[in-house]
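See structure below.
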Amino acid sequence: MHKFTDMTTKRINEMNDFSIFGGKRVLITGATGLIGRSLTRKLLQYGAKVIAMVRNEEKAHSTFSDIDNGNIEYLVMDVTTAETINLNADYIIHGASITSSKAFVEEPVDVIMGAVIGTKNLLEIARVNNVKSFVYLSSMEIYGAPSDDAKILENNASNLNTMTPRSGYPESKRLSECLCASYAAQYGVPAKVVRLTQTFGEGVVYQDSRVFAEFARCVLEQKDIVLKTKGETKRNYLYTEDAAEAILTVLLYGVVGEAYNAANEDTYCSIYEMAQIVANRFGQGKVKVRVEEENDISRFGFAPTLKMNLDCSKLSALGWQAQVGLETAFERMIKYMESVKSQMRG
C-alpha cells in the first residue's frame, strides 16, 4: 500500500494553495528551460523569490524580461561544477538536464555524468541549506520500453538494456533518483522525485527537435507531417502549466524518498494518432500524415517503440489533477510558436 493513503482529508483540502511560497526562496536549476520557465512564472505569481541557476545570464534576463519583478536572483553556475554554498534557500527544484535525443546517442558519457554529478552537487547544496523540500525532475523513460497498454505504477520494473548507449539518459535518471533516496536516508535531505511524461505548451522554441514541436511546425508551414517510423509508440502527454503545478504539489506535500508519475492520463495515444489529430484539427485541410520509414533510426536517438501508460493516482491523491487536454495544449503551443515565427521574420 502506498504511503499516500494515510493522508488526512484536512491536508488534501489544503492542496494546491501555493501561497505558502510567498516570501520563500526557491532555487531552480534549468530555469530557462521549458519547465523551468513555467515554474519560475508560477512561483513569482505567488510571491516567491526565485534563485535561477543558469549558465547564460544574458539568456536568462531575456527569458524573464517580461516578468522579472525584482524577485529573481540569477546564479551563474553549471550544475556539474556547482559549489556547495549556502544560499538561504527554502526549497530546491533540480530540473537541469540534457534533453536532446541526438545528444543521447552522440554524447552518452556527457549525458550520464552531467545528470549524476549535477544531481549529487544539488543534493549537497540542499543538505547545506537545510531545505524544507527538494524535488528532482526525472523521466517516464526510467520504466524502459513497456510492451502493452497496462497502467504503469511507480513501483514498476524497467527492462532497459544497459549495453545500449541510448540507455544512458534513462539509466542516469534512475541513478539520480537513487541518489535522492540515498541522501534522504543517510543525510535526512527531504528529497522527492517527479517522473514527467513528455511535456509541452507555450515556451517551446520554434526549432525544438521533439515530435510535438515538429508537428506544430508542419501545421504552421503547411507541410505534411512525415514520420520516420510507423508511429506505434504510445504515451501520455502533459501541458507545461499542469506540469509546474504537479511539481509544486510534490515539493510541498510529497512523501520524502518517494517518486510520483506526472501525466494527463486522458492524453494516452500513439504518435501516429497524435499526428492525425494535429493534422485534422489544425492543418486546415492542407496537412497530411505520411509514413516514410528509415532503415536505421538509431542515429536519431529515438527511444525504442513502447507503450508508456502512466498511472498518476499517487500524485492525484495529493490533490493534483491535469487540467489541459491534448488539443488545447497544441492549440496554445501553436499560437505561441506562430508569434515566435512572426518575430523571427521581423
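A note on labels: chains of the C-alpha cells are A, B, ... as shown, every chain counts residues from 1, and ligands are counted from 1 in their shown order.
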Query - Exercise: Tyr143 of chain A partners within 10 Å, only C-alpha atoms, chain neighbours under 2 positions left out, as a ChimeraX atom specification - result: /A:139-141,145-146,152-160,170-171,174,195,306,308,310
Restrict the selected residues to N, CA, C and O atoms and save them as a PDB file, in the first residue's frame.
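Generated output (part-v9.pdb):
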ATOM      1  N   SER A 139      12.179  11.224 -15.381  1.00  0.00           N
ATOM      2  CA  SER A 139      11.519  10.970 -16.661  1.00  0.00           C
ATOM      3  C   SER A 139      10.776   9.649 -16.659  1.00  0.00           C
ATOM      4  O   SER A 139      11.172   8.685 -15.997  1.00  0.00           O
ATOM      5  N   MET A 140       9.719   9.585 -17.465  1.00  0.00           N
ATOM      6  CA  MET A 140       8.998   8.336 -17.693  1.00  0.00           C
ATOM      7  C   MET A 140       9.917   7.278 -18.292  1.00  0.00           C
ATOM      8  O   MET A 140       9.642   6.076 -18.197  1.00  0.00           O
ATOM      9  N   GLU A 141      11.026   7.708 -18.924  1.00  0.00           N
ATOM     10  CA  GLU A 141      11.903   6.759 -19.599  1.00  0.00           C
ATOM     11  C   GLU A 141      12.568   5.775 -18.645  1.00  0.00           C
ATOM     12  O   GLU A 141      13.122   4.768 -19.084  1.00  0.00           O
ATOM     13  N   ALA A 145      10.909   0.169 -21.894  1.00  0.00           N
ATOM     14  CA  ALA A 145      10.019   0.099 -23.056  1.00  0.00           C
ATOM     15  C   ALA A 145       8.895  -0.909 -22.804  1.00  0.00           C
ATOM     16  O   ALA A 145       8.939  -2.035 -23.303  1.00  0.00           O
ATOM     17  N   PRO A 146       7.880  -0.517 -22.026  1.00  0.00           N
ATOM     18  CA  PRO A 146       6.741  -1.415 -21.794  1.00  0.00           C
ATOM     19  C   PRO A 146       6.095  -1.804 -23.125  1.00  0.00           C
ATOM     20  O   PRO A 146       6.029  -1.003 -24.059  1.00  0.00           O
ATOM     21  N   ILE A 152       1.068   1.915 -15.630  1.00  0.00           N
ATOM     22  CA  ILE A 152       2.401   1.825 -15.040  1.00  0.00           C
ATOM     23  C   ILE A 152       2.422   2.593 -13.723  1.00  0.00           C
ATOM     24  O   ILE A 152       2.244   3.807 -13.688  1.00  0.00           O
ATOM     25  N   LEU A 153       2.635   1.872 -12.647  1.00  0.00           N
ATOM     26  CA  LEU A 153       2.749   2.461 -11.318  1.00  0.00           C
ATOM     27  C   LEU A 153       4.206   2.769 -11.005  1.00  0.00           C
ATOM     28  O   LEU A 153       5.127   2.285 -11.683  1.00  0.00           O
ATOM     29  N   GLU A 154       4.416   3.521  -9.941  1.00  0.00           N
ATOM     30  CA  GLU A 154       5.768   3.948  -9.588  1.00  0.00           C
ATOM     31  C   GLU A 154       6.679   2.785  -9.201  1.00  0.00           C
ATOM     32  O   GLU A 154       7.914   2.933  -9.257  1.00  0.00           O
ATOM     33  N   ASN A 155       6.120   1.647  -8.821  1.00  0.00           N
ATOM     34  CA  ASN A 155       6.964   0.508  -8.449  1.00  0.00           C
ATOM     35  C   ASN A 155       7.184  -0.472  -9.601  1.00  0.00           C
ATOM     36  O   ASN A 155       7.716  -1.563  -9.399  1.00  0.00           O
ATOM     37  N   ASN A 156       6.771  -0.104 -10.818  1.00  0.00           N
ATOM     38  CA  ASN A 156       7.018  -0.963 -11.971  1.00  0.00           C
ATOM     39  C   ASN A 156       8.517  -1.080 -12.254  1.00  0.00           C
ATOM     40  O   ASN A 156       9.267  -0.122 -12.098  1.00  0.00           O
ATOM     41  N   ALA A 157       8.926  -2.273 -12.708  1.00  0.00           N
ATOM     42  CA  ALA A 157      10.328  -2.508 -13.033  1.00  0.00           C
ATOM     43  C   ALA A 157      10.659  -1.951 -14.416  1.00  0.00           C
ATOM     44  O   ALA A 157       9.776  -1.558 -15.180  1.00  0.00           O
ATOM     45  N   SER A 158      11.942  -1.926 -14.728  1.00  0.00           N
ATOM     46  CA  SER A 158      12.415  -1.452 -16.029  1.00  0.00           C
ATOM     47  C   SER A 158      13.031  -2.602 -16.812  1.00  0.00           C
ATOM     48  O   SER A 158      13.585  -3.540 -16.227  1.00  0.00           O
ATOM     49  N   ASN A 159      12.942  -2.546 -18.133  1.00  0.00           N
ATOM     50  CA  ASN A 159      13.589  -3.539 -18.980  1.00  0.00           C
ATOM     51  C   ASN A 159      14.671  -2.895 -19.850  1.00  0.00           C
ATOM     52  O   ASN A 159      14.947  -3.330 -20.966  1.00  0.00           O
ATOM     53  N   LEU A 160      15.291  -1.830 -19.334  1.00  0.00           N
ATOM     54  CA  LEU A 160      16.322  -1.123 -20.087  1.00  0.00           C
ATOM     55  C   LEU A 160      17.525  -2.019 -20.370  1.00  0.00           C
ATOM     56  O   LEU A 160      17.950  -2.806 -19.517  1.00  0.00           O
ATOM     57  N   PRO A 170      18.037   7.405 -19.633  1.00  0.00           N
ATOM     58  CA  PRO A 170      17.172   6.899 -18.568  1.00  0.00           C
ATOM     59  C   PRO A 170      17.932   6.262 -17.405  1.00  0.00           C
ATOM     60  O   PRO A 170      17.514   6.374 -16.250  1.00  0.00           O
ATOM     61  N   GLU A 171      19.068   5.609 -17.699  1.00  0.00           N
ATOM     62  CA  GLU A 171      19.824   4.998 -16.604  1.00  0.00           C
ATOM     63  C   GLU A 171      20.418   6.056 -15.682  1.00  0.00           C
ATOM     64  O   GLU A 171      20.494   5.873 -14.469  1.00  0.00           O
ATOM     65  N   ARG A 174      17.710   7.095 -13.461  1.00  0.00           N
ATOM     66  CA  ARG A 174      17.478   6.092 -12.415  1.00  0.00           C
ATOM     67  C   ARG A 174      18.500   6.234 -11.285  1.00  0.00           C
ATOM     68  O   ARG A 174      18.149   6.200 -10.105  1.00  0.00           O
ATOM     69  N   ARG A 195       8.362  11.975 -11.916  1.00  0.00           N
ATOM     70  CA  ARG A 195       8.647  11.337 -13.208  1.00  0.00           C
ATOM     71  C   ARG A 195       7.697  11.891 -14.254  1.00  0.00           C
ATOM     72  O   ARG A 195       6.531  11.495 -14.335  1.00  0.00           O
ATOM     73  N   LEU A 306       7.447   1.771 -27.606  1.00  0.00           N
ATOM     74  CA  LEU A 306       6.980   1.470 -26.262  1.00  0.00           C
ATOM     75  C   LEU A 306       5.529   1.883 -26.080  1.00  0.00           C
ATOM     76  O   LEU A 306       4.951   2.567 -26.929  1.00  0.00           O
ATOM     77  N   MET A 308       3.769   3.652 -22.942  1.00  0.00           N
ATOM     78  CA  MET A 308       4.011   4.254 -21.621  1.00  0.00           C
ATOM     79  C   MET A 308       2.726   4.872 -21.091  1.00  0.00           C
ATOM     80  O   MET A 308       2.465   6.062 -21.245  1.00  0.00           O
ATOM     81  N   LEU A 310       1.098   5.895 -18.088  1.00  0.00           N
ATOM     82  CA  LEU A 310       1.381   6.198 -16.676  1.00  0.00           C
ATOM     83  C   LEU A 310       0.115   6.283 -15.832  1.00  0.00           C
ATOM     84  O   LEU A 310      -0.874   6.897 -16.224  1.00  0.00           O
TER      85      LEU A 310
END
**Report entry** Exercise: Ala89 of chain A partners within 7 Å, only C-alpha atoms, chain neighbours under 3 positions left out, as a list in words
**Finding:**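 My list of contacting residues is Arg25, Val26, Leu27, Asn129 and Val131 of chain A.
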Please write the residues from the selection above to a file, keeping C-alpha atoms, as a JSON list (two decimals), in the first residue's frame.
[["chain", "number", "residue", "atom", "x", "y", "z"],
["A", 25, "ARG", "CA", 13.47, 31.38, -1.61],
["A", 26, "VAL", "CA", 13.26, 28.67, -4.27],
["A", 27, "LEU", "CA", 16.35, 27.55, -6.18],
["A", 129, "ASN", "CA", 20.93, 24.84, 3.14],
["A", 131, "VAL", "CA", 15.94, 22.98, 2.77]]
**Report entry** Proximity to Ser38 of chain A - best of A:Glu177, A:Asp224, A:Asp208, A:Glu241, only C-alpha atoms
**Finding:**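 Closest candidate: A:Glu241.
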Query raised in the report: Leaving out Pro190 of chain A and any residue of its chain fewer than 5 positions from it, which residues lie within 10 Å of it when counting only C-alpha atoms, given as number ranges by chain?
Result: A: 91, 123, 126-127, 130-135, 180-181, 183-185, 251, 254-258
Query raised in the report: Just asking: which residues within segment 88-323 of chain A are alpha helix (DSSP H) according to DSSP, as a PyMOL selection string?
Result: chain A and resi 101-106+108-129+168-187+211-220+240-253+271-282+313-316
Query - Residue contacts of Glu214 of chain A (12 Å, only C-alpha atoms) excluding same-chain residues fewer than 2 positions away, as a VMD selection string - result: chain A and resid 200 204 to 212 216 to 227 271 274 to 275 278 to 279 330 333 to 334 337
Query raised in the report: Distance atom CA of Ser182 of chain A-atom CA of Tyr260 of chain A, one decimal place?
Result: 16.8 Å
Close residues, Glu265 of chain A itself excluded, 8 Å, only C-alpha atoms, min 2 positions apart in chain, as a PDB file with N, CA and C atoms, in the first residue's frame:
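Full text of around_15.pdb as output:
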ATOM      1  N   ASN A 236       1.507   9.127 -22.654  1.00  0.00           N
ATOM      2  CA  ASN A 236       0.705  10.268 -22.214  1.00  0.00           C
ATOM      3  C   ASN A 236       1.491  11.548 -22.476  1.00  0.00           C
ATOM      4  N   TYR A 237       0.780  12.680 -22.403  1.00  0.00           N
ATOM      5  CA  TYR A 237       1.419  13.984 -22.543  1.00  0.00           C
ATOM      6  C   TYR A 237       0.953  14.869 -21.398  1.00  0.00           C
ATOM      7  N   ALA A 263       1.411  12.990 -15.456  1.00  0.00           N
ATOM      8  CA  ALA A 263       0.936  12.946 -16.839  1.00  0.00           C
ATOM      9  C   ALA A 263      -0.552  13.246 -16.854  1.00  0.00           C
ATOM     10  N   THR A 267      -4.646  11.742 -22.220  1.00  0.00           N
ATOM     11  CA  THR A 267      -3.986  12.041 -23.494  1.00  0.00           C
ATOM     12  C   THR A 267      -3.288  10.825 -24.101  1.00  0.00           C
ATOM     13  N   TYR A 268      -3.426   9.664 -23.513  1.00  0.00           N
ATOM     14  CA  TYR A 268      -2.705   8.469 -23.967  1.00  0.00           C
ATOM     15  C   TYR A 268      -3.065   8.132 -25.415  1.00  0.00           C
ATOM     16  N   ASN A 309       1.916   4.041 -20.453  1.00  0.00           N
ATOM     17  CA  ASN A 309       0.603   4.453 -19.962  1.00  0.00           C
ATOM     18  C   ASN A 309       0.690   4.702 -18.453  1.00  0.00           C
ATOM     19  N   LEU A 310       1.098   5.895 -18.088  1.00  0.00           N
ATOM     20  CA  LEU A 310       1.381   6.198 -16.676  1.00  0.00           C
ATOM     21  C   LEU A 310       0.115   6.283 -15.832  1.00  0.00           C
ATOM     22  N   ASP A 311       0.187   5.691 -14.659  1.00  0.00           N
ATOM     23  CA  ASP A 311      -0.867   5.800 -13.650  1.00  0.00           C
ATOM     24  C   ASP A 311      -0.470   6.922 -12.695  1.00  0.00           C
ATOM     25  N   CYS A 312      -1.312   7.926 -12.566  1.00  0.00           N
ATOM     26  CA  CYS A 312      -0.977   9.102 -11.753  1.00  0.00           C
ATOM     27  C   CYS A 312      -1.824   9.201 -10.484  1.00  0.00           C
TER      28      CYS A 312
END
What are the closest atom pairs, with distances in Å to one decimal, for each residue of segment 162-232 of chain A lying within 7 Å of segment 92-106 of chain A, using only C-alpha atoms, rows by chain and rising residue number, as a tab-separated table?
residue	atom	partner	partner_atom	distance
A:Pro165	CA	A:Val105	CA	6.2
A:Arg166	CA	A:Val105	CA	5.3
A:Gly168	CA	A:Phe104	CA	6.9
A:Tyr169	CA	A:Phe104	CA	6.3
